[in-house]
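Only one structure is covered here, and it is reproduced in the block below.
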Amino acid sequence: MKKILSLIAVMAFVLVAFGQAEAQNKKSMPIIGISAAEASPVGAPLTYVDAVKRAGGVPVVIPMTSDKAQIEAVLEIVDGVIMTGGEDIDPLKGYGEEPLRALGEIVPKRDEFDLMLIRMAVAKGLPVLGICRGEQLMNVAFGGSLYQDIPSQVPTSYVKHRQEAPRNYGTHSIAITEGSLMHKMLGVKEIAVNSYHHQAVKDVAPGFKVTAVSKDGIVEAIEKEGTDKVWGVQFHPEGFVSMGDDSFLGIFKHLVNKASENK
Ligand code: MN
């Protein structure tokens with residue numbers, strides 16, 4: 001009798017343990033792939049990593065590669081993607097324009113990797129958030145163009161877009177389109193953002209729309225039409241969120257929520 005009882009106890013324990021493992025599997029947190037911002041060492045700024053964590057996601061950095069099969073494999077693992085900020089995009093290869101004298105550093109290998117990654121992620125139906133260069137890259141990847149240098153190309157742009165202030169401090173305001181995804185994520189139609197760019201979206205890519213602009217008319221956010229899974233911002237929300245400021249947390253929460261749906 002004792003033996004039978006202990007056998008039942010063991011079986012019950014196994015069942016409970018199995019049940020818990022299964023429940024944990026179902027609840028497992030969405031994995032957010034962050035495009036590497038550096039070739040060597042492979043990595044991305046901690047601010048992106050911290051912002052994903054604060055929104056309830058698990059951050060992993062996707063190392064730069066020119067191997068399509070590697071990108072395919074990593075997109076099997078991640079549930080969402082963030083395209084990070086960084087250098088200028090090659091205008092000649094990216095959108096068929098000669099480089100202006102004011103163009104900054106370009107990194108062809110990173111362009112190649114980023115363009116493959118974003119196109120494949122979107123084609124796969126994953127939620128994708130582009131930040132700063134990542135937003136510009138999103139526009140270029142789907143057929144749009146950029147101002148290579150706002151100060152020399154847009155004389156009417158009077159706002160300072162290269163702030164000299166802390167990263168978690170908003171220096172210029174943006175107007176957000178009512179009813180847009182940006183509006184839904186942030187819950188406001190106007191907000192002060194940080195600004196670290198000399199390039200910006202010029203012609204918006206077909207199938208995308210502008211959903212936030214600064215007072216001087218510079219594009220500060222774009223969204224893919226007909227979906228709530230692909231969008232980009234010109235500012236750095238992770239700069240606020242990683243420092244504990246919740247005003248921009250909605251952007252990362254939305255990404256993590258959409259990533260959860262993919263699981
Ligand atoms: Mn700006």
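FYI, nothing fancy with the structure tokens labels: chains A, B, ... in order, residues from 1 per chain, ligands from 1 as they appear.
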
With only C-alpha atoms as the counted atoms, please give the residues lying no more than 9 Å from stretch 53-65 of chain A, apart from itself and same-chain residues fewer than 4 positions off, as a JSON list (two decimals) with N, CA, C and O atoms, in the first residue's frame.
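The result, stored in selection26.json:
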[["chain", "number", "residue", "atom", "x", "y", "z"],
["A", 29, "MET", "N", 8.59, 34.59, -22.49],
["A", 29, "MET", "CA", 8.62, 36.00, -22.90],
["A", 29, "MET", "C", 9.07, 36.14, -24.35],
["A", 29, "MET", "O", 9.88, 35.38, -24.84],
["A", 30, "PRO", "N", 8.52, 37.15, -25.03],
["A", 30, "PRO", "CA", 8.91, 37.36, -26.43],
["A", 30, "PRO", "C", 10.37, 37.81, -26.55],
["A", 30, "PRO", "O", 10.86, 38.60, -25.74],
["A", 31, "ILE", "N", 11.03, 37.30, -27.56],
["A", 31, "ILE", "CA", 12.44, 37.64, -27.79],
["A", 31, "ILE", "C", 12.52, 38.73, -28.86],
["A", 31, "ILE", "O", 11.95, 38.60, -29.94],
["A", 32, "ILE", "N", 13.22, 39.80, -28.49],
["A", 32, "ILE", "CA", 13.35, 40.94, -29.42],
["A", 32, "ILE", "C", 14.79, 41.00, -29.93],
["A", 32, "ILE", "O", 15.73, 41.19, -29.14],
["A", 33, "GLY", "N", 14.97, 40.82, -31.23],
["A", 33, "GLY", "CA", 16.30, 40.92, -31.84],
["A", 33, "GLY", "C", 16.66, 42.37, -32.07],
["A", 33, "GLY", "O", 15.87, 43.13, -32.63],
["A", 34, "ILE", "N", 17.86, 42.75, -31.62],
["A", 34, "ILE", "CA", 18.35, 44.13, -31.80],
["A", 34, "ILE", "C", 19.49, 44.08, -32.80],
["A", 34, "ILE", "O", 20.49, 43.38, -32.59],
["A", 35, "SER", "N", 19.36, 44.82, -33.90],
["A", 35, "SER", "CA", 20.41, 44.79, -34.93],
["A", 35, "SER", "C", 21.71, 45.36, -34.35],
["A", 35, "SER", "O", 21.71, 46.41, -33.70],
["A", 36, "ALA", "N", 22.81, 44.64, -34.58],
["A", 36, "ALA", "CA", 24.10, 45.07, -34.05],
["A", 36, "ALA", "C", 24.45, 46.45, -34.57],
["A", 36, "ALA", "O", 24.27, 46.75, -35.75],
["A", 37, "ALA", "N", 24.94, 47.29, -33.68],
["A", 37, "ALA", "CA", 25.31, 48.65, -34.06],
["A", 37, "ALA", "C", 26.81, 48.77, -34.28],
["A", 37, "ALA", "O", 27.29, 49.81, -34.71],
["A", 38, "GLU", "N", 27.52, 47.71, -33.97],
["A", 38, "GLU", "CA", 28.98, 47.73, -34.13],
["A", 38, "GLU", "C", 29.42, 46.41, -34.74],
["A", 38, "GLU", "O", 28.90, 45.36, -34.39],
["A", 39, "ALA", "N", 30.42, 46.47, -35.62],
["A", 39, "ALA", "CA", 30.92, 45.24, -36.22],
["A", 39, "ALA", "C", 31.85, 44.52, -35.26],
["A", 39, "ALA", "O", 31.84, 43.30, -35.17],
["A", 42, "VAL", "N", 30.93, 42.84, -31.43],
["A", 42, "VAL", "CA", 29.51, 42.74, -31.78],
["A", 42, "VAL", "C", 28.69, 43.26, -30.61],
["A", 42, "VAL", "O", 28.87, 42.82, -29.49],
["A", 43, "GLY", "N", 27.82, 44.20, -30.86],
["A", 43, "GLY", "CA", 27.02, 44.69, -29.76],
["A", 43, "GLY", "C", 26.09, 45.81, -30.14],
["A", 43, "GLY", "O", 26.11, 46.29, -31.27],
["A", 44, "ALA", "N", 25.27, 46.20, -29.18],
["A", 44, "ALA", "CA", 24.37, 47.33, -29.35],
["A", 44, "ALA", "C", 24.39, 48.11, -28.04],
["A", 44, "ALA", "O", 24.66, 47.53, -26.99],
["A", 48, "TYR", "N", 19.15, 50.22, -25.60],
["A", 48, "TYR", "CA", 18.16, 49.41, -26.33],
["A", 48, "TYR", "C", 17.81, 48.16, -25.54],
["A", 48, "TYR", "O", 16.65, 47.77, -25.43],
["A", 49, "VAL", "N", 18.85, 47.52, -25.03],
["A", 49, "VAL", "CA", 18.69, 46.29, -24.25],
["A", 49, "VAL", "C", 17.80, 46.56, -23.03],
["A", 49, "VAL", "O", 16.84, 45.82, -22.76],
["A", 70, "GLN", "N", 22.01, 32.92, -42.34],
["A", 70, "GLN", "CA", 22.14, 33.22, -40.91],
["A", 70, "GLN", "C", 20.99, 34.12, -40.45],
["A", 70, "GLN", "O", 20.46, 33.95, -39.36],
["A", 71, "ILE", "N", 20.63, 35.07, -41.30],
["A", 71, "ILE", "CA", 19.52, 35.97, -40.95],
["A", 71, "ILE", "C", 18.22, 35.17, -40.90],
["A", 71, "ILE", "O", 17.42, 35.32, -39.97],
["A", 74, "VAL", "N", 18.11, 33.27, -37.64],
["A", 74, "VAL", "CA", 17.88, 34.07, -36.44],
["A", 74, "VAL", "C", 16.44, 34.59, -36.41],
["A", 74, "VAL", "O", 15.84, 34.75, -35.34],
["A", 78, "VAL", "N", 13.69, 34.93, -33.14],
["A", 78, "VAL", "CA", 13.16, 36.17, -32.54],
["A", 78, "VAL", "C", 11.68, 36.37, -32.91],
["A", 78, "VAL", "O", 11.20, 35.88, -33.92],
["A", 109, "LYS", "N", 28.97, 47.57, -45.26],
["A", 109, "LYS", "CA", 28.65, 46.23, -44.74],
["A", 109, "LYS", "C", 27.42, 46.26, -43.83],
["A", 109, "LYS", "O", 26.62, 45.32, -43.81],
["A", 110, "ARG", "N", 27.33, 47.34, -43.05],
["A", 110, "ARG", "CA", 26.17, 47.45, -42.17],
["A", 110, "ARG", "C", 24.91, 47.71, -42.97],
["A", 110, "ARG", "O", 23.85, 47.16, -42.67],
["A", 112, "GLU", "N", 24.27, 46.69, -45.96],
["A", 112, "GLU", "CA", 23.90, 45.43, -46.60],
["A", 112, "GLU", "C", 23.15, 44.53, -45.61],
["A", 112, "GLU", "O", 22.08, 43.98, -45.91],
["A", 113, "PHE", "N", 23.72, 44.39, -44.41],
["A", 113, "PHE", "CA", 23.12, 43.56, -43.36],
["A", 113, "PHE", "C", 21.75, 44.10, -42.95],
["A", 113, "PHE", "O", 20.76, 43.37, -42.92],
["A", 114, "ASP", "N", 21.71, 45.40, -42.64],
["A", 114, "ASP", "CA", 20.46, 46.01, -42.16],
["A", 114, "ASP", "C", 19.34, 45.90, -43.19],
["A", 114, "ASP", "O", 18.18, 45.63, -42.83],
["A", 241, "VAL", "N", 13.45, 55.56, -21.90],
["A", 241, "VAL", "CA", 12.95, 54.37, -21.21],
["A", 241, "VAL", "C", 14.04, 53.71, -20.37],
["A", 241, "VAL", "O", 13.80, 53.30, -19.23],
["A", 242, "SER", "N", 15.27, 53.67, -20.92],
["A", 242, "SER", "CA", 16.36, 53.02, -20.18],
["A", 242, "SER", "C", 16.72, 53.79, -18.91],
["A", 242, "SER", "O", 17.31, 53.24, -17.99],
["A", 244, "GLY", "N", 14.38, 55.10, -17.04],
["A", 244, "GLY", "CA", 13.25, 55.01, -16.13],
["A", 244, "GLY", "C", 12.12, 55.98, -16.43],
["A", 244, "GLY", "O", 11.18, 56.10, -15.65],
["A", 249, "LEU", "N", 7.57, 54.54, -23.03],
["A", 249, "LEU", "CA", 7.56, 53.09, -22.83],
["A", 249, "LEU", "C", 6.55, 52.40, -23.77],
["A", 249, "LEU", "O", 6.75, 51.27, -24.20],
["A", 250, "GLY", "N", 5.47, 53.13, -24.10],
["A", 250, "GLY", "CA", 4.41, 52.58, -24.97],
["A", 250, "GLY", "C", 4.95, 52.06, -26.30],
["A", 250, "GLY", "O", 4.40, 51.10, -26.86],
["A", 251, "ILE", "N", 6.01, 52.68, -26.80],
["A", 251, "ILE", "CA", 6.60, 52.26, -28.08],
["A", 251, "ILE", "C", 7.16, 50.85, -27.95],
["A", 251, "ILE", "O", 6.97, 50.00, -28.82],
["A", 252, "PHE", "N", 7.84, 50.58, -26.86],
["A", 252, "PHE", "CA", 8.45, 49.26, -26.66],
["A", 252, "PHE", "C", 7.41, 48.24, -26.20],
["A", 252, "PHE", "O", 7.49, 47.06, -26.55],
["A", 253, "LYS", "N", 6.43, 48.69, -25.42],
["A", 253, "LYS", "CA", 5.35, 47.80, -24.98],
["A", 253, "LYS", "C", 4.59, 47.28, -26.19],
["A", 253, "LYS", "O", 4.23, 46.10, -26.26],
["A", 254, "HIS", "N", 4.35, 48.18, -27.15],
["A", 254, "HIS", "CA", 3.61, 47.77, -28.34],
["A", 254, "HIS", "C", 4.40, 46.71, -29.12],
["A", 254, "HIS", "O", 3.84, 45.72, -29.58],
["A", 255, "LEU", "N", 5.70, 46.94, -29.24],
["A", 255, "LEU", "CA", 6.55, 45.97, -29.94],
["A", 255, "LEU", "C", 6.50, 44.61, -29.25],
["A", 255, "LEU", "O", 6.33, 43.57, -29.90],
["A", 256, "VAL", "N", 6.62, 44.62, -27.94],
["A", 256, "VAL", "CA", 6.62, 43.37, -27.17],
["A", 256, "VAL", "C", 5.24, 42.69, -27.26],
["A", 256, "VAL", "O", 5.16, 41.47, -27.41],
["A", 257, "ASN", "N", 4.17, 43.48, -27.22],
["A", 257, "ASN", "CA", 2.81, 42.90, -27.35],
["A", 257, "ASN", "C", 2.63, 42.24, -28.71],
["A", 257, "ASN", "O", 2.09, 41.14, -28.83],
["A", 259, "ALA", "N", 4.99, 41.17, -30.62],
["A", 259, "ALA", "CA", 5.89, 40.02, -30.66],
["A", 259, "ALA", "C", 5.25, 38.83, -29.95],
["A", 259, "ALA", "O", 5.40, 37.69, -30.39],
["A", 260, "SER", "N", 4.51, 39.08, -28.88],
["A", 260, "SER", "CA", 3.84, 38.00, -28.13],
["A", 260, "SER", "C", 2.82, 37.30, -29.01],
["A", 260, "SER", "O", 2.65, 36.08, -28.93]]

At most 7 Å is the cut-off: for each residue in chain A with any atom that close to an atom of ligand 1, write down the nearest atom pair and the distance in Å rounded to one decimal, counting only C-alpha atoms and all ligand atoms, chain first then increasing number, as JSON lines.
{"residue": "A:His161", "atom": "CA", "partner": "ligand 1", "partner_atom_place_in_ligand_line": "1 (Mn)", "distance": 4.3}
{"residue": "A:His172", "atom": "CA", "partner": "ligand 1", "partner_atom_place_in_ligand_line": "1 (Mn)", "distance": 6.9}
{"residue": "A:Asn194", "atom": "CA", "partner": "ligand 1", "partner_atom_place_in_ligand_line": "1 (Mn)", "distance": 6.8}
{"residue": "A:Ser195", "atom": "CA", "partner": "ligand 1", "partner_atom_place_in_ligand_line": "1 (Mn)", "distance": 4.2}
{"residue": "A:Tyr196", "atom": "CA", "partner": "ligand 1", "partner_atom_place_in_ligand_line": "1 (Mn)", "distance": 6.6}
{"residue": "A:His197", "atom": "CA", "partner": "ligand 1", "partner_atom_place_in_ligand_line": "1 (Mn)", "distance": 6.4}
{"residue": "A:Ser214", "atom": "CA", "partner": "ligand 1", "partner_atom_place_in_ligand_line": "1 (Mn)", "distance": 6.7}
{"residue": "A:Glu220", "atom": "CA", "partner": "ligand 1", "partner_atom_place_in_ligand_line": "1 (Mn)", "distance": 6.3}
{"residue": "A:Gln234", "atom": "CA", "partner": "ligand 1", "partner_atom_place_in_ligand_line": "1 (Mn)", "distance": 6.4}
{"residue": "A:Phe235", "atom": "CA", "partner": "ligand 1", "partner_atom_place_in_ligand_line": "1 (Mn)", "distance": 6.1}

Could those residues be written to a file, using all heavy atoms, as an mmCIF file, in the first residue's frame?
data_model
loop_
_atom_site.group_PDB
_atom_site.id
_atom_site.type_symbol
_atom_site.label_atom_id
_atom_site.label_comp_id
_atom_site.auth_asym_id
_atom_site.auth_seq_id
_atom_site.Cartn_x
_atom_site.Cartn_y
_atom_site.Cartn_z
ATOM 1 N N HIS A 161 18.379 69.838 -34.430
ATOM 2 C CA HIS A 161 18.125 68.389 -34.383
ATOM 3 C C HIS A 161 19.326 67.604 -33.854
ATOM 4 O O HIS A 161 19.322 66.383 -33.875
ATOM 5 C CB HIS A 161 17.719 67.877 -35.769
ATOM 6 C CG HIS A 161 16.330 68.303 -36.168
ATOM 7 N ND1 HIS A 161 15.196 67.663 -35.720
ATOM 8 C CD2 HIS A 161 15.888 69.329 -36.948
ATOM 9 C CE1 HIS A 161 14.121 68.253 -36.216
ATOM 10 N NE2 HIS A 161 14.511 69.276 -36.974
ATOM 11 N N HIS A 172 13.120 69.159 -28.550
ATOM 12 C CA HIS A 172 12.188 69.782 -29.505
ATOM 13 C C HIS A 172 10.882 68.999 -29.550
ATOM 14 O O HIS A 172 10.844 67.801 -29.261
ATOM 15 C CB HIS A 172 12.828 69.985 -30.886
ATOM 16 C CG HIS A 172 12.952 68.768 -31.760
ATOM 17 N ND1 HIS A 172 11.860 68.078 -32.266
ATOM 18 C CD2 HIS A 172 14.048 68.134 -32.256
ATOM 19 C CE1 HIS A 172 12.287 67.081 -33.034
ATOM 20 N NE2 HIS A 172 13.612 67.075 -33.036
ATOM 21 N N ASN A 194 14.016 63.753 -27.819
ATOM 22 C CA ASN A 194 15.439 64.033 -27.982
ATOM 23 C C ASN A 194 15.767 64.019 -29.476
ATOM 24 O O ASN A 194 14.954 63.573 -30.293
ATOM 25 C CB ASN A 194 16.299 63.054 -27.167
ATOM 26 C CG ASN A 194 16.001 61.599 -27.506
ATOM 27 O OD1 ASN A 194 15.338 61.307 -28.486
ATOM 28 N ND2 ASN A 194 16.487 60.689 -26.686
ATOM 29 N N SER A 195 16.931 64.491 -29.853
ATOM 30 C CA SER A 195 17.213 64.654 -31.280
ATOM 31 C C SER A 195 18.715 64.570 -31.527
ATOM 32 O O SER A 195 19.486 65.378 -31.009
ATOM 33 C CB SER A 195 16.668 66.021 -31.734
ATOM 34 O OG SER A 195 16.427 66.030 -33.129
ATOM 35 N N TYR A 196 19.102 63.557 -32.318
ATOM 36 C CA TYR A 196 20.528 63.334 -32.607
ATOM 37 C C TYR A 196 20.713 62.946 -34.067
ATOM 38 O O TYR A 196 21.207 61.871 -34.364
ATOM 39 C CB TYR A 196 21.079 62.218 -31.717
ATOM 40 C CG TYR A 196 21.085 62.525 -30.239
ATOM 41 C CD1 TYR A 196 20.039 62.112 -29.420
ATOM 42 C CD2 TYR A 196 22.143 63.229 -29.659
ATOM 43 C CE1 TYR A 196 20.041 62.389 -28.063
ATOM 44 C CE2 TYR A 196 22.152 63.508 -28.301
ATOM 45 C CZ TYR A 196 21.100 63.080 -27.515
ATOM 46 O OH TYR A 196 21.104 63.356 -26.169
ATOM 47 N N HIS A 197 20.254 63.811 -34.964
ATOM 48 C CA HIS A 197 20.347 63.407 -36.378
ATOM 49 C C HIS A 197 20.611 64.609 -37.273
ATOM 50 O O HIS A 197 20.177 65.712 -36.965
ATOM 51 C CB HIS A 197 19.049 62.714 -36.809
ATOM 52 C CG HIS A 197 17.796 63.540 -36.659
ATOM 53 N ND1 HIS A 197 17.082 63.996 -37.729
ATOM 54 C CD2 HIS A 197 17.149 64.013 -35.555
ATOM 55 C CE1 HIS A 197 16.038 64.687 -37.303
ATOM 56 N NE2 HIS A 197 16.058 64.718 -35.988
ATOM 57 N N SER A 214 8.367 67.513 -36.738
ATOM 58 C CA SER A 214 8.790 68.593 -35.851
ATOM 59 C C SER A 214 8.212 69.904 -36.386
ATOM 60 O O SER A 214 7.644 69.945 -37.482
ATOM 61 C CB SER A 214 10.317 68.647 -35.784
ATOM 62 O OG SER A 214 10.866 68.697 -37.092
ATOM 63 N N GLU A 220 9.514 62.890 -38.222
ATOM 64 C CA GLU A 220 9.999 62.315 -36.958
ATOM 65 C C GLU A 220 9.421 60.925 -36.690
ATOM 66 O O GLU A 220 9.847 60.264 -35.749
ATOM 67 C CB GLU A 220 9.682 63.257 -35.793
ATOM 68 C CG GLU A 220 10.478 64.575 -35.812
ATOM 69 C CD GLU A 220 11.907 64.448 -35.259
ATOM 70 O OE1 GLU A 220 12.200 63.460 -34.572
ATOM 71 O OE2 GLU A 220 12.722 65.356 -35.531
ATOM 72 N N GLN A 234 12.328 58.893 -35.531
ATOM 73 C CA GLN A 234 13.593 59.568 -35.789
ATOM 74 C C GLN A 234 14.355 59.861 -34.491
ATOM 75 O O GLN A 234 15.572 60.007 -34.494
ATOM 76 C CB GLN A 234 13.323 60.866 -36.571
ATOM 77 C CG GLN A 234 14.552 61.681 -36.915
ATOM 78 C CD GLN A 234 15.568 60.884 -37.697
ATOM 79 O OE1 GLN A 234 15.389 60.608 -38.877
ATOM 80 N NE2 GLN A 234 16.662 60.481 -37.056
ATOM 81 N N PHE A 235 13.643 59.886 -33.386
ATOM 82 C CA PHE A 235 14.282 60.184 -32.093
ATOM 83 C C PHE A 235 14.694 58.883 -31.395
ATOM 84 O O PHE A 235 14.623 57.805 -31.992
ATOM 85 C CB PHE A 235 13.335 61.024 -31.220
ATOM 86 C CG PHE A 235 11.969 60.429 -31.046
ATOM 87 C CD1 PHE A 235 11.671 59.644 -29.944
ATOM 88 C CD2 PHE A 235 10.977 60.636 -31.994
ATOM 89 C CE1 PHE A 235 10.412 59.089 -29.788
ATOM 90 C CE2 PHE A 235 9.715 60.073 -31.851
ATOM 91 C CZ PHE A 235 9.437 59.293 -30.738
#

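Each of A:Ala141, A:Ala51, A:Leu181, A:Val159 was compared to A:Trp231 using only C-alpha atoms, and A:Leu181 turns out to be the nearest.
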
Next on the checklist: If DSSP is run on the backbone, what residues of stretch 4-184 of chain A are strand (DSSP E or B)? A reply as a VMD selection string would be ideal.
Outcome noted: chain A and resid 31 to 35 38 43 58 to 62 80 to 83 88 106 128 to 131 146 to 147 162 172 to 176

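If you look at atom CA of A:Lys124 and atom CA of A:Asn262, they are 10.5 Å away from each other.
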
Item to check | Which of stretch 136-187 of chain A fall in helix (DSSP H, G or I), as a PyMOL selection string | outcome: chain A and resi 136-141+150-153+181-186

Could you save the residues just selected, with N, CA and C atoms, as a PDB file, in the first residue's frame?
ATOM      1  N   GLN A 136      15.257  55.626 -40.848  1.00  0.00           N
ATOM      2  CA  GLN A 136      15.689  56.056 -42.181  1.00  0.00           C
ATOM      3  C   GLN A 136      15.913  54.832 -43.076  1.00  0.00           C
ATOM      4  N   LEU A 137      16.502  53.807 -42.484  1.00  0.00           N
ATOM      5  CA  LEU A 137      16.772  52.579 -43.213  1.00  0.00           C
ATOM      6  C   LEU A 137      15.471  51.907 -43.665  1.00  0.00           C
ATOM      7  N   MET A 138      14.469  51.934 -42.781  1.00  0.00           N
ATOM      8  CA  MET A 138      13.154  51.375 -43.114  1.00  0.00           C
ATOM      9  C   MET A 138      12.606  52.081 -44.353  1.00  0.00           C
ATOM     10  N   ASN A 139      12.740  53.397 -44.367  1.00  0.00           N
ATOM     11  CA  ASN A 139      12.243  54.182 -45.504  1.00  0.00           C
ATOM     12  C   ASN A 139      12.999  53.819 -46.788  1.00  0.00           C
ATOM     13  N   VAL A 140      14.315  53.722 -46.690  1.00  0.00           N
ATOM     14  CA  VAL A 140      15.152  53.403 -47.854  1.00  0.00           C
ATOM     15  C   VAL A 140      14.883  51.964 -48.327  1.00  0.00           C
ATOM     16  N   ALA A 141      14.741  51.045 -47.382  1.00  0.00           N
ATOM     17  CA  ALA A 141      14.554  49.628 -47.719  1.00  0.00           C
ATOM     18  C   ALA A 141      13.304  49.407 -48.562  1.00  0.00           C
ATOM     19  N   ILE A 150      20.380  67.716 -43.237  1.00  0.00           N
ATOM     20  CA  ILE A 150      19.308  68.711 -43.069  1.00  0.00           C
ATOM     21  C   ILE A 150      19.836  70.155 -43.152  1.00  0.00           C
ATOM     22  N   PRO A 151      20.887  70.503 -42.412  1.00  0.00           N
ATOM     23  CA  PRO A 151      21.316  71.916 -42.410  1.00  0.00           C
ATOM     24  C   PRO A 151      21.622  72.469 -43.808  1.00  0.00           C
ATOM     25  N   SER A 152      22.245  71.669 -44.677  1.00  0.00           N
ATOM     26  CA  SER A 152      22.592  72.193 -45.999  1.00  0.00           C
ATOM     27  C   SER A 152      21.484  71.978 -47.028  1.00  0.00           C
ATOM     28  N   GLN A 153      20.551  71.068 -46.768  1.00  0.00           N
ATOM     29  CA  GLN A 153      19.525  70.766 -47.778  1.00  0.00           C
ATOM     30  C   GLN A 153      18.143  71.339 -47.480  1.00  0.00           C
ATOM     31  N   LEU A 181      -0.689  55.046 -35.207  1.00  0.00           N
ATOM     32  CA  LEU A 181      -0.120  54.109 -34.233  1.00  0.00           C
ATOM     33  C   LEU A 181       0.688  54.879 -33.176  1.00  0.00           C
ATOM     34  N   MET A 182       1.443  55.878 -33.627  1.00  0.00           N
ATOM     35  CA  MET A 182       2.211  56.720 -32.690  1.00  0.00           C
ATOM     36  C   MET A 182       1.289  57.302 -31.624  1.00  0.00           C
ATOM     37  N   HIS A 183       0.140  57.798 -32.074  1.00  0.00           N
ATOM     38  CA  HIS A 183      -0.829  58.407 -31.159  1.00  0.00           C
ATOM     39  C   HIS A 183      -1.335  57.368 -30.160  1.00  0.00           C
ATOM     40  N   LYS A 184      -1.602  56.167 -30.673  1.00  0.00           N
ATOM     41  CA  LYS A 184      -2.106  55.101 -29.794  1.00  0.00           C
ATOM     42  C   LYS A 184      -1.048  54.671 -28.780  1.00  0.00           C
ATOM     43  N   MET A 185       0.203  54.605 -29.244  1.00  0.00           N
ATOM     44  CA  MET A 185       1.273  54.112 -28.360  1.00  0.00           C
ATOM     45  C   MET A 185       1.611  55.123 -27.266  1.00  0.00           C
ATOM     46  N   LEU A 186       1.612  56.407 -27.616  1.00  0.00           N
ATOM     47  CA  LEU A 186       2.064  57.430 -26.668  1.00  0.00           C
ATOM     48  C   LEU A 186       0.911  58.134 -25.964  1.00  0.00           C
TER      49      LEU A 186
END

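As for atom CA of A:Lys189 and atom CA of A:Phe248, they are spaced 13.0 Å apart.
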
List as a JSON list (two decimals) with N, CA, C and O atoms, in the first residue's frame the protein and nucleic acid residues near A:Arg101, meaning an atom at most 10 Å away when only C-alpha atoms are counted, but skip any in the same chain fewer than 2 places from it.
[["chain", "number", "residue", "atom", "x", "y", "z"],
["A", 98, "GLU", "N", 23.90, 60.96, -55.60],
["A", 98, "GLU", "CA", 25.34, 61.18, -55.39],
["A", 98, "GLU", "C", 25.55, 61.66, -53.96],
["A", 98, "GLU", "O", 24.70, 62.37, -53.40],
["A", 99, "PRO", "N", 26.67, 61.30, -53.33],
["A", 99, "PRO", "CA", 26.92, 61.75, -51.96],
["A", 99, "PRO", "C", 27.23, 63.25, -51.91],
["A", 99, "PRO", "O", 28.06, 63.74, -52.66],
["A", 103, "LEU", "N", 27.65, 64.68, -46.30],
["A", 103, "LEU", "CA", 27.34, 63.30, -45.88],
["A", 103, "LEU", "C", 28.36, 62.86, -44.82],
["A", 103, "LEU", "O", 29.55, 63.16, -44.95],
["A", 104, "GLY", "N", 27.88, 62.11, -43.82],
["A", 104, "GLY", "CA", 28.78, 61.60, -42.78],
["A", 104, "GLY", "C", 29.36, 60.26, -43.17],
["A", 104, "GLY", "O", 29.32, 59.85, -44.34],
["A", 148, "GLN", "N", 20.27, 63.93, -47.02],
["A", 148, "GLN", "CA", 21.61, 63.48, -46.57],
["A", 148, "GLN", "C", 22.13, 64.36, -45.45],
["A", 148, "GLN", "O", 22.93, 63.92, -44.62],
["A", 149, "ASP", "N", 21.68, 65.62, -45.46],
["A", 149, "ASP", "CA", 22.15, 66.57, -44.45],
["A", 149, "ASP", "C", 21.11, 67.71, -44.33],
["A", 149, "ASP", "O", 21.00, 68.54, -45.23],
["A", 152, "SER", "N", 22.25, 71.67, -44.68],
["A", 152, "SER", "CA", 22.59, 72.19, -46.00],
["A", 152, "SER", "C", 21.48, 71.98, -47.03],
["A", 152, "SER", "O", 21.45, 72.65, -48.06]]

Quick one: residues within 10 Å of A:Val122, only C-alpha atoms, excluding same-chain residues fewer than 3 positions away - as a short mmCIF file (atom, residue, chain, number, x, y, z; two decimals) with N, CA, C and O atoms, in the first residue's frame?
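Printed below is around29.cif as written:
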data_model
loop_
_atom_site.label_atom_id
_atom_site.label_comp_id
_atom_site.auth_asym_id
_atom_site.auth_seq_id
_atom_site.Cartn_x
_atom_site.Cartn_y
_atom_site.Cartn_z
N GLY A 80 10.37 39.64 -32.70
CA GLY A 80 10.27 41.03 -33.11
C GLY A 80 11.68 41.57 -33.31
O GLY A 80 12.64 40.95 -32.86
N VAL A 81 11.79 42.71 -34.02
CA VAL A 81 13.11 43.23 -34.36
C VAL A 81 13.16 44.74 -34.12
O VAL A 81 12.20 45.46 -34.42
N LEU A 117 18.13 42.32 -43.30
CA LEU A 117 17.42 41.98 -42.06
C LEU A 117 16.01 42.59 -42.05
O LEU A 117 15.03 41.89 -41.78
N ILE A 118 15.91 43.88 -42.36
CA ILE A 118 14.59 44.53 -42.24
C ILE A 118 13.63 44.00 -43.31
O ILE A 118 12.45 43.75 -43.03
N ARG A 119 14.12 43.79 -44.52
CA ARG A 119 13.23 43.29 -45.58
C ARG A 119 12.75 41.88 -45.26
O ARG A 119 11.58 41.55 -45.45
N GLY A 125 6.50 38.90 -41.57
CA GLY A 125 5.37 39.34 -40.75
C GLY A 125 5.72 39.66 -39.31
O GLY A 125 4.83 39.78 -38.47
N LEU A 126 7.02 39.81 -39.03
CA LEU A 126 7.42 40.14 -37.66
C LEU A 126 7.20 41.62 -37.39
O LEU A 126 7.31 42.44 -38.31
N PRO A 127 6.91 41.99 -36.15
CA PRO A 127 6.86 43.41 -35.83
C PRO A 127 8.27 44.01 -35.86
O PRO A 127 9.21 43.39 -35.37
N VAL A 128 8.40 45.18 -36.48
CA VAL A 128 9.71 45.82 -36.62
C VAL A 128 9.62 47.29 -36.23
O VAL A 128 8.77 48.01 -36.74
N MET A 138 14.47 51.93 -42.78
CA MET A 138 13.15 51.37 -43.11
C MET A 138 12.61 52.08 -44.35
O MET A 138 12.12 51.44 -45.29
N LYS A 229 2.33 46.85 -37.24
CA LYS A 229 3.52 46.09 -36.84
C LYS A 229 4.84 46.65 -37.35
O LYS A 229 5.89 46.12 -37.03
N VAL A 230 4.80 47.68 -38.20
CA VAL A 230 6.03 48.20 -38.81
C VAL A 230 6.04 49.72 -38.72
O VAL A 230 5.22 50.38 -39.36
#

Next on the checklist: Could you check the closest approach to A:Arg133 for each of A:Ile106, A:Ala192, A:Ala205, A:Val154 and tell me which residue wins, using only C-alpha atoms?
Outcome noted: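 Using only C-alpha atoms, A:Arg133 sits closest to A:Ile106.
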
Next on the checklist: Residues within 12 Å of A:Gly144, please, as a VMD selection string. Count only C-alpha atoms; anything in the same chain fewer than 6 positions from it doesn't count.
Outcome noted: chain A and resid 91 94 to 97 135 to 138 200 to 210 222
